[in-house]
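Colleague: Here it is, the structure, as structure tokens.
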Amino acid sequence: MKENYVDKEILEEIKKLMGYASKAGGTEEIEKPILVLAPKMKKPGKESTSLRVYAYGGILGKIPTAKNKKGALMSKKYLKYLPENTEEKAKLEELLRNPKAQTREQRIDTLLSKEYLELALEACRRRFAGKNGKPKERWIETDLIKKYLNNKDRWIPIDMEFAFPKQWMGDKEKCVRPDIVIYDKNAGAFRMIELKGNSKSCHGKSGLFEHYQDAMDIMISSHRNEIINECFRKMEYLYEYGIISGEAWKEVLDSTDRENVDLKFGCFFIGGKLDTYQKYVDSKLSCVKENCSFLYSPDIDTDILKNCQMLSYDEFMAYKEEA
């Protein structure tokens, strides 16, 4: 890591954010929900260098790593998720007003302030909570990545909402955006993961099979090596800025065997009923079973997920939950 003033300053900012403790949704339970991830994927000819700050699935802001950038606060679109005509909404609206007039220091001071964070966290909670108050899939993604960032034994999550550049989309109407990207050390592969929190979300125009097709079209295209290089770039950011640690990951980054790293597609089924996922996979993904692997876990705290026990199609169809 470069030992200079800017890097030390950023390290302290990351430490403050990822260590920020907040009461969960107005309860007395204390949690640390903030996650800092590498910059979004580079656009052809344009380098992205601002670290992304997530909580509950939403983006709280961005921390610039380049001296000529100011960073960012959350989008004003989140204001609509706070109750109308309340002091909280008015205050967040005030904090988000005229950000372009702020210096980097002013913007980061706001991002790190308790006042801003509490309001922004509440907006993100409301945005990514379902009608029953339970987390939607984006919220689950964030929690999963934060929990397993330093899972050194087998795998490590390195990104979420991994949006491929629009220039690669061809005639696709929507941006292709794998939910999670992990590095599977044992398999020597980056896995583009689609996460589903219930069987209903597997169906429809944005269903699992459609996501598989869209992702594979790009993963097996001429952009394959660019995707792998981008995954390494993200790992380097996470390691350099102290978000992931451990010599094992430095060995991966410094390896001379990087050109042999593979790129694979996988599905995480977190929550919901196993048999309903198996029925869907049997009906929709049996035709592409050689290219897909699967993992089912009733929640994000199981050894199954910790060990990243990805199963082939046949193994997944034969899998039974432990009593």
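Following the order of the structure tokens, chains are lettered A, B, ..., residues in each are numbered from 1, and ligands are numbered from 1.
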With a distance cut-off of 9 Å and only C-alpha atoms, select the neighbouring residues of Thr110 of chain A, excluding the residue or stretch itself and same-chain residues fewer than 6 positions from it, and output the selection as a ChimeraX atom specification.

Modeller: /A:73,95,116-117

Colleague: Out of segment 181-221 of chain A, which residues get alpha helix (DSSP H) from DSSP, as a PyMOL selection string?

Modeller: chain A and resi 208-219

Colleague: Write the residues of the preceding selection, restricted to N, CA and C atoms, as a short mmCIF file (atom, residue, chain, number, x, y, z; two decimals), in the first residue's frame.

Modeller:
```
data_model
loop_
_atom_site.label_atom_id
_atom_site.label_comp_id
_atom_site.auth_asym_id
_atom_site.auth_seq_id
_atom_site.Cartn_x
_atom_site.Cartn_y
_atom_site.Cartn_z
N LEU A 208 -34.53 -16.07 -12.91
CA LEU A 208 -33.19 -16.65 -12.80
C LEU A 208 -32.66 -17.10 -14.16
N PHE A 209 -33.48 -17.75 -14.97
CA PHE A 209 -33.02 -18.24 -16.27
C PHE A 209 -32.62 -17.07 -17.17
N GLU A 210 -33.41 -16.00 -17.13
CA GLU A 210 -33.11 -14.83 -17.95
C GLU A 210 -31.78 -14.18 -17.52
N HIS A 211 -31.57 -14.10 -16.18
CA HIS A 211 -30.30 -13.55 -15.68
C HIS A 211 -29.12 -14.44 -16.09
N TYR A 212 -29.34 -15.74 -16.05
CA TYR A 212 -28.29 -16.68 -16.47
C TYR A 212 -27.92 -16.43 -17.93
N GLN A 213 -28.92 -16.37 -18.79
CA GLN A 213 -28.65 -16.16 -20.22
C GLN A 213 -27.90 -14.86 -20.48
N ASP A 214 -28.36 -13.77 -19.85
CA ASP A 214 -27.74 -12.47 -20.06
C ASP A 214 -26.28 -12.46 -19.59
N ALA A 215 -26.05 -13.04 -18.39
CA ALA A 215 -24.69 -13.05 -17.86
C ALA A 215 -23.77 -13.93 -18.70
N MET A 216 -24.25 -15.10 -19.09
CA MET A 216 -23.40 -16.01 -19.86
C MET A 216 -23.06 -15.44 -21.23
N ASP A 217 -23.99 -14.70 -21.83
CA ASP A 217 -23.71 -14.09 -23.14
C ASP A 217 -22.46 -13.22 -23.07
N ILE A 218 -22.28 -12.53 -21.95
CA ILE A 218 -21.13 -11.64 -21.79
C ILE A 218 -19.92 -12.42 -21.27
N MET A 219 -20.14 -13.37 -20.36
CA MET A 219 -19.03 -14.11 -19.76
C MET A 219 -18.26 -14.95 -20.77
#
```

Colleague: Find the distance between atom CA of Arg125 of chain A and atom CA of Leu60 of chain A and write it in Å to one decimal.

Modeller: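 Those two atoms sit 11.3 Å apart.
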
Colleague: Using 6 Å as the limit and counting only C-alpha atoms, can you tabulate each residue of segment 266-297 of chain A that touches segment 305-311 of chain A, with its shortest atom-to-atom distance in Å and the two atoms involved, as a tab-separated table?

Modeller:
```
residue	atom	partner	partner_atom	distance
A:Ser293	CA	A:Leu311	CA	5.3
A:Phe294	CA	A:Leu311	CA	5.0
A:Leu295	CA	A:Met310	CA	5.1
```

Colleague: With only C-alpha atoms as the basis for distance, which of A:Ile180, A:Val53, A:Ile108, A:Leu82 is at the shortest distance from Lys70 of chain A?

Modeller: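 The shortest atom-to-atom distance to Lys70 of chain A comes from A:Ile108.
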
Colleague: Can I get the residues of segment 217-264 of chain A within 10 Å of segment 15-34 of chain A, each with the closest pair of atoms and their distance in Å to one decimal, using only C-alpha atoms, sorted chain first then ascending number, as a tab-separated table?

Modeller:
```
residue	atom	partner	partner_atom	distance
A:Tyr241	CA	A:Lys15	CA	9.7
A:Gly242	CA	A:Lys15	CA	8.7
A:Ile243	CA	A:Lys15	CA	8.7
```

Colleague: List the neighbours of Lys200 of chain A out to 10 Å using only C-alpha atoms; skip same-chain residues closer than 6 positions along the sequence, and give me the result as a PyMOL selection string.

Modeller: chain A and resi 207+272+276-277+280

Colleague: Could you please take those selected residues and save N, CA and C atoms as a compact mmCIF listing (two decimals), in the first residue's frame?

Modeller:
```txt
# COMPACT_ATOMS: atom_id res chain seq x y z
N GLY A 207 -36.34 -13.20 -14.23
CA GLY A 207 -36.17 -14.45 -13.52
C GLY A 207 -34.76 -14.98 -13.60
N GLY A 272 -36.35 -19.35 2.07
CA GLY A 272 -37.33 -20.03 1.23
C GLY A 272 -37.21 -21.54 1.35
N THR A 276 -38.96 -26.03 -3.56
CA THR A 276 -39.48 -25.14 -4.61
C THR A 276 -38.36 -24.66 -5.52
N TYR A 277 -37.18 -24.43 -4.96
CA TYR A 277 -36.03 -24.08 -5.80
C TYR A 277 -35.63 -25.25 -6.69
N TYR A 280 -37.88 -25.47 -9.64
CA TYR A 280 -37.59 -24.44 -10.64
C TYR A 280 -36.34 -24.80 -11.44
```

Colleague: Could you jot down the atom CA of Asn150 of chain A to atom CA of Lys62 of chain A separation for me, Å, one decimal place?

Modeller: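 Computed distance, atom CA of Asn150 of chain A to atom CA of Lys62 of chain A, equals 21.8 Å.
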
Colleague: Of the candidates A:Ile156, A:Leu144, A:Ile59, A:Val281, which shows the shortest atom-to-atom distance to Ser245 of chain A, using only C-alpha atoms?

Modeller: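 Between A:Ile156, A:Leu144, A:Ile59, A:Val281, the residue approaching Ser245 of chain A most closely is A:Ile156.
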
Colleague: Just checking: using only C-alpha atoms, which residue out of A:Glu251, A:Ser283, A:Glu141, A:Lys134 ends up closest to Cys202 of chain A?

Modeller: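 Checking each of A:Glu251, A:Ser283, A:Glu141, A:Lys134 against Cys202 of chain A, counting only C-alpha atoms, the winner is A:Ser283.
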